[in-house]
Amino acid sequence: MSSVDYFERKLDDKRRLTMPVELRDEFASGVVLTRGFGSYLHLYPQTTWDNEVEPELKGNILDERVADVNVRFRRGKTAASLDVKQGRVSIEQHLLDFAGIDRDLVAVRAGSYWRIMRPNLSD
């Protein structure tokens, strides 16, 4: 795993996030973006989504908590490949709106995924 646990970026005019070079291998499997629990986004490597998140979303069909978590993480979920040449991934406008991100963002590692938020978010 990379030693990078935090980075700041400006999105380009096409809403693309350029990943630090040190993290590109981590996202080689693909990128999954979802709404977070608060006013921020979650950024997962595709393998982390497949191996850690999906199994947790498969709980009891009648469990309302499981349903709520599914709605939270699947609403607006996007999956994409990392642009290998430039190390970029596009972030959909509706996700940026949800997180209140205009152009500047901060990314912080939260275990095996990343929290993407506006720089002044105090969460």
# chains A, B, ... in the order shown; residues from 1 in each chain; ligands from 1

$ residues_around --residues "Arg35 in chain A" --least-positions-apart "3" --cutoff "9 Å" --atoms "only C-alpha atoms" --output "list of chain:residue names"
A:Gly38, A:Ser39, A:Tyr40, A:Leu41, A:His42, A:Leu43, A:Arg72, A:Phe73, A:Arg74, A:Arg75, A:Gly76, A:Lys77, A:Leu95, A:Phe98, A:Ala99

$ write_last_selection --atoms "N, CA and C atoms" --output "short mmCIF file (atom, residue, chain, number, x, y, z; two decimals), in the first residue's frame"
data_model
loop_
_atom_site.label_atom_id
_atom_site.label_comp_id
_atom_site.auth_asym_id
_atom_site.auth_seq_id
_atom_site.Cartn_x
_atom_site.Cartn_y
_atom_site.Cartn_z
N GLY A 38 -21.85 11.52 5.13
CA GLY A 38 -22.06 12.95 5.35
C GLY A 38 -21.98 13.68 4.02
N SER A 39 -21.62 14.96 4.06
CA SER A 39 -21.53 15.78 2.85
C SER A 39 -20.17 15.61 2.19
N TYR A 40 -19.86 14.40 1.82
CA TYR A 40 -18.60 14.07 1.18
C TYR A 40 -18.81 12.83 0.33
N LEU A 41 -17.79 12.48 -0.42
CA LEU A 41 -17.85 11.31 -1.30
C LEU A 41 -16.91 10.23 -0.79
N HIS A 42 -17.19 9.01 -1.20
CA HIS A 42 -16.27 7.90 -0.98
C HIS A 42 -15.68 7.51 -2.32
N LEU A 43 -14.40 7.27 -2.33
CA LEU A 43 -13.66 6.86 -3.52
C LEU A 43 -13.02 5.50 -3.21
N ARG A 72 -28.03 4.60 0.16
CA ARG A 72 -26.99 5.63 0.34
C ARG A 72 -25.83 5.41 -0.63
N PHE A 73 -25.36 4.18 -0.74
CA PHE A 73 -24.15 3.94 -1.52
C PHE A 73 -24.41 3.67 -3.00
N ARG A 74 -25.61 3.27 -3.35
CA ARG A 74 -25.88 3.00 -4.76
C ARG A 74 -26.48 4.21 -5.48
N ARG A 75 -27.08 5.12 -4.74
CA ARG A 75 -27.67 6.30 -5.37
C ARG A 75 -26.55 7.20 -5.88
N GLY A 76 -26.49 7.33 -7.17
CA GLY A 76 -25.45 8.16 -7.77
C GLY A 76 -24.11 7.48 -7.93
N LYS A 77 -24.03 6.19 -7.59
CA LYS A 77 -22.76 5.45 -7.71
C LYS A 77 -22.28 5.47 -9.15
N LEU A 95 -22.56 14.21 -8.09
CA LEU A 95 -21.78 13.85 -6.91
C LEU A 95 -21.06 15.07 -6.33
N PHE A 98 -23.62 17.08 -4.47
CA PHE A 98 -23.95 16.45 -3.19
C PHE A 98 -22.91 16.82 -2.13
N ALA A 99 -21.63 16.79 -2.52
CA ALA A 99 -20.55 17.05 -1.57
C ALA A 99 -20.20 18.53 -1.45
#

$ atom_distance --atom1 "CA of Ala80 in chain A" --atom2 "CA of Thr48 in chain A"
13.9 Å

$ atom_distance --atom1 "CA of Ala107 in chain A" --atom2 "CA of Phe7 in chain A"
5.3 Å

$ residues_around --residues "range 112-115 of chain A" --least-positions-apart "3" --cutoff "12 Å" --atoms "only C-alpha atoms" --output "PyMOL selection string"
chain A and resi 1-2+4-8+19+23+26-27+31-49+51-53+99+105-109+118-119+121+123

$ select_by_dssp --residues "chain A" --states "strand (DSSP E or B)" --output "ChimeraX atom specification"
/A:6-10,16-18,31-35,41-45,78-80,83,88-90,104-110,113-117

$ closest_residue --among "A:Asp97, A:Glu92, A:Asp68, A:Asp83" --to "Thr18 in chain A" --atoms "only C-alpha atoms"
A:Asp83

$ closest_residue --among "A:Val21, A:Leu11, A:Val71, A:Ile116" --to "Val84 in chain A" --atoms "only C-alpha atoms"
A:Val21

$ select_by_dssp --residues "chain A" --states "alpha helix (DSSP H)" --output "list of chain:residue names"
A:Gln46, A:Thr47, A:Thr48, A:Glu54, A:Pro55, A:Glu56, A:Leu57, A:Glu64, A:Arg65, A:Val66, A:Ala67, A:Asp68, A:Val69, A:Asn70, A:Val71, A:Arg72, A:Phe73, A:Arg74, A:Gln93, A:His94, A:Leu95, A:Leu96, A:Asp97, A:Phe98, A:Ala99

$ write_last_selection --atoms "N, CA and C atoms" --output "tab-separated table (two decimals), in the first residue's frame"
chain	number	residue	atom	x	y	z
A	46	GLN	N	-11.84	-0.36	-7.43
A	46	GLN	CA	-12.87	-1.33	-7.81
A	46	GLN	C	-12.74	-2.63	-7.02
A	47	THR	N	-11.52	-3.10	-6.80
A	47	THR	CA	-11.34	-4.35	-6.05
A	47	THR	C	-11.82	-4.22	-4.61
A	48	THR	N	-11.63	-3.07	-3.98
A	48	THR	CA	-12.12	-2.85	-2.62
A	48	THR	C	-13.64	-2.85	-2.60
A	54	GLU	N	-19.46	-4.63	-1.47
A	54	GLU	CA	-20.58	-5.45	-1.98
A	54	GLU	C	-21.02	-6.54	-1.00
A	55	PRO	N	-20.10	-7.30	-0.39
A	55	PRO	CA	-20.56	-8.32	0.56
A	55	PRO	C	-21.36	-7.73	1.74
A	56	GLU	N	-20.99	-6.53	2.18
A	56	GLU	CA	-21.70	-5.88	3.28
A	56	GLU	C	-23.08	-5.38	2.88
A	57	LEU	N	-23.27	-5.11	1.58
A	57	LEU	CA	-24.56	-4.63	1.09
A	57	LEU	C	-25.57	-5.75	0.85
A	64	GLU	N	-34.17	-3.11	7.28
A	64	GLU	CA	-34.28	-1.73	6.80
A	64	GLU	C	-32.92	-1.01	6.83
A	65	ARG	N	-32.09	-1.32	7.81
A	65	ARG	CA	-30.76	-0.70	7.88
A	65	ARG	C	-29.93	-1.06	6.66
A	66	VAL	N	-29.99	-2.32	6.26
A	66	VAL	CA	-29.27	-2.77	5.06
A	66	VAL	C	-29.82	-2.04	3.83
A	67	ALA	N	-31.14	-1.90	3.76
A	67	ALA	CA	-31.75	-1.20	2.63
A	67	ALA	C	-31.30	0.26	2.60
A	68	ASP	N	-31.27	0.92	3.76
A	68	ASP	CA	-30.84	2.32	3.82
A	68	ASP	C	-29.40	2.48	3.37
A	69	VAL	N	-28.53	1.58	3.78
A	69	VAL	CA	-27.12	1.65	3.38
A	69	VAL	C	-27.00	1.42	1.87
A	70	ASN	N	-27.77	0.49	1.33
A	70	ASN	CA	-27.76	0.26	-0.11
A	70	ASN	C	-28.18	1.51	-0.87
A	71	VAL	N	-29.24	2.15	-0.41
A	71	VAL	CA	-29.70	3.37	-1.08
A	71	VAL	C	-28.63	4.45	-1.00
A	72	ARG	N	-28.03	4.60	0.16
A	72	ARG	CA	-26.99	5.63	0.34
A	72	ARG	C	-25.83	5.41	-0.63
A	73	PHE	N	-25.36	4.18	-0.74
A	73	PHE	CA	-24.15	3.94	-1.52
A	73	PHE	C	-24.41	3.67	-3.00
A	74	ARG	N	-25.61	3.27	-3.35
A	74	ARG	CA	-25.88	3.00	-4.76
A	74	ARG	C	-26.48	4.21	-5.48
A	93	GLN	N	-21.19	15.50	-12.07
A	93	GLN	CA	-21.62	16.75	-11.46
A	93	GLN	C	-22.56	16.53	-10.27
A	94	HIS	N	-23.46	15.56	-10.35
A	94	HIS	CA	-24.40	15.34	-9.24
A	94	HIS	C	-23.68	14.92	-7.97
A	95	LEU	N	-22.56	14.21	-8.09
A	95	LEU	CA	-21.78	13.85	-6.91
A	95	LEU	C	-21.06	15.07	-6.33
A	96	LEU	N	-20.53	15.90	-7.21
A	96	LEU	CA	-19.87	17.13	-6.75
A	96	LEU	C	-20.88	18.03	-6.04
A	97	ASP	N	-22.09	18.12	-6.60
A	97	ASP	CA	-23.14	18.93	-5.98
A	97	ASP	C	-23.49	18.39	-4.59
A	98	PHE	N	-23.62	17.08	-4.47
A	98	PHE	CA	-23.95	16.45	-3.19
A	98	PHE	C	-22.91	16.82	-2.13
A	99	ALA	N	-21.63	16.79	-2.52
A	99	ALA	CA	-20.55	17.05	-1.57
A	99	ALA	C	-20.20	18.53	-1.45

$ decode --residues "range 43-64 of chain A" --atoms "N, CA, C and O atoms" --output "mmCIF file, in the first residue's frame"
data_model
loop_
_atom_site.group_PDB
_atom_site.id
_atom_site.type_symbol
_atom_site.label_atom_id
_atom_site.label_comp_id
_atom_site.auth_asym_id
_atom_site.auth_seq_id
_atom_site.Cartn_x
_atom_site.Cartn_y
_atom_site.Cartn_z
ATOM 1 N N LEU A 43 -14.395 7.269 -2.327
ATOM 2 C CA LEU A 43 -13.661 6.855 -3.522
ATOM 3 C C LEU A 43 -13.024 5.500 -3.213
ATOM 4 O O LEU A 43 -12.250 5.381 -2.262
ATOM 5 N N TYR A 44 -13.412 4.488 -3.985
ATOM 6 C CA TYR A 44 -12.934 3.125 -3.759
ATOM 7 C C TYR A 44 -12.177 2.607 -4.972
ATOM 8 O O TYR A 44 -12.626 2.818 -6.103
ATOM 9 N N PRO A 45 -11.107 1.861 -4.764
ATOM 10 C CA PRO A 45 -10.586 1.050 -5.863
ATOM 11 C C PRO A 45 -11.666 -0.010 -6.173
ATOM 12 O O PRO A 45 -12.353 -0.486 -5.254
ATOM 13 N N GLN A 46 -11.842 -0.357 -7.426
ATOM 14 C CA GLN A 46 -12.872 -1.329 -7.805
ATOM 15 C C GLN A 46 -12.744 -2.630 -7.019
ATOM 16 O O GLN A 46 -13.747 -3.200 -6.586
ATOM 17 N N THR A 47 -11.522 -3.097 -6.800
ATOM 18 C CA THR A 47 -11.341 -4.351 -6.054
ATOM 19 C C THR A 47 -11.824 -4.221 -4.607
ATOM 20 O O THR A 47 -12.397 -5.160 -4.060
ATOM 21 N N THR A 48 -11.633 -3.068 -3.983
ATOM 22 C CA THR A 48 -12.116 -2.846 -2.620
ATOM 23 C C THR A 48 -13.644 -2.846 -2.604
ATOM 24 O O THR A 48 -14.269 -3.445 -1.732
ATOM 25 N N TRP A 49 -14.250 -2.185 -3.601
ATOM 26 C CA TRP A 49 -15.708 -2.183 -3.697
ATOM 27 C C TRP A 49 -16.231 -3.624 -3.828
ATOM 28 O O TRP A 49 -17.132 -4.032 -3.098
ATOM 29 N N ASP A 50 -15.635 -4.368 -4.750
ATOM 30 C CA ASP A 50 -16.096 -5.737 -5.011
ATOM 31 C C ASP A 50 -15.887 -6.668 -3.816
ATOM 32 O O ASP A 50 -16.755 -7.479 -3.497
ATOM 33 N N ASN A 51 -14.746 -6.549 -3.140
ATOM 34 C CA ASN A 51 -14.382 -7.491 -2.088
ATOM 35 C C ASN A 51 -14.839 -7.105 -0.683
ATOM 36 O O ASN A 51 -15.001 -7.982 0.170
ATOM 37 N N GLU A 52 -15.006 -5.803 -0.438
ATOM 38 C CA GLU A 52 -15.350 -5.373 0.916
ATOM 39 C C GLU A 52 -16.721 -4.723 1.034
ATOM 40 O O GLU A 52 -17.430 -4.953 2.015
ATOM 41 N N VAL A 53 -17.108 -3.909 0.047
ATOM 42 C CA VAL A 53 -18.379 -3.193 0.159
ATOM 43 C C VAL A 53 -19.547 -4.063 -0.287
ATOM 44 O O VAL A 53 -20.525 -4.214 0.449
ATOM 45 N N GLU A 54 -19.465 -4.630 -1.470
ATOM 46 C CA GLU A 54 -20.576 -5.449 -1.982
ATOM 47 C C GLU A 54 -21.024 -6.536 -1.002
ATOM 48 O O GLU A 54 -22.226 -6.691 -0.780
ATOM 49 N N PRO A 55 -20.104 -7.303 -0.391
ATOM 50 C CA PRO A 55 -20.561 -8.317 0.564
ATOM 51 C C PRO A 55 -21.362 -7.729 1.736
ATOM 52 O O PRO A 55 -22.318 -8.336 2.205
ATOM 53 N N GLU A 56 -20.993 -6.526 2.176
ATOM 54 C CA GLU A 56 -21.700 -5.879 3.285
ATOM 55 C C GLU A 56 -23.083 -5.380 2.875
ATOM 56 O O GLU A 56 -23.969 -5.221 3.716
ATOM 57 N N LEU A 57 -23.273 -5.114 1.579
ATOM 58 C CA LEU A 57 -24.562 -4.628 1.087
ATOM 59 C C LEU A 57 -25.569 -5.752 0.850
ATOM 60 O O LEU A 57 -26.720 -5.498 0.539
ATOM 61 N N LYS A 58 -25.149 -6.991 1.005
ATOM 62 C CA LYS A 58 -26.005 -8.137 0.721
ATOM 63 C C LYS A 58 -26.713 -8.692 1.959
ATOM 64 O O LYS A 58 -27.132 -9.831 1.962
ATOM 65 N N GLY A 59 -26.897 -7.883 2.991
ATOM 66 C CA GLY A 59 -27.517 -8.375 4.224
ATOM 67 C C GLY A 59 -28.941 -8.867 4.016
ATOM 68 O O GLY A 59 -29.415 -9.026 2.895
ATOM 69 N N ASN A 60 -29.647 -9.088 5.115
ATOM 70 C CA ASN A 60 -31.014 -9.574 5.108
ATOM 71 C C ASN A 60 -31.910 -8.672 4.268
ATOM 72 O O ASN A 60 -31.949 -7.461 4.469
ATOM 73 N N ILE A 61 -32.668 -9.274 3.367
ATOM 74 C CA ILE A 61 -33.529 -8.519 2.452
ATOM 75 C C ILE A 61 -34.589 -7.702 3.193
ATOM 76 O O ILE A 61 -35.075 -6.690 2.686
ATOM 77 N N LEU A 62 -34.942 -8.104 4.395
ATOM 78 C CA LEU A 62 -35.969 -7.399 5.159
ATOM 79 C C LEU A 62 -35.395 -6.451 6.216
ATOM 80 O O LEU A 62 -36.137 -5.849 6.974
ATOM 81 N N ASP A 63 -34.094 -6.307 6.247
ATOM 82 C CA ASP A 63 -33.445 -5.427 7.217
ATOM 83 C C ASP A 63 -33.415 -4.003 6.654
ATOM 84 O O ASP A 63 -32.725 -3.720 5.670
ATOM 85 N N GLU A 64 -34.170 -3.109 7.282
ATOM 86 C CA GLU A 64 -34.280 -1.728 6.797
ATOM 87 C C GLU A 64 -32.924 -1.006 6.829
ATOM 88 O O GLU A 64 -32.639 -0.178 5.977
#
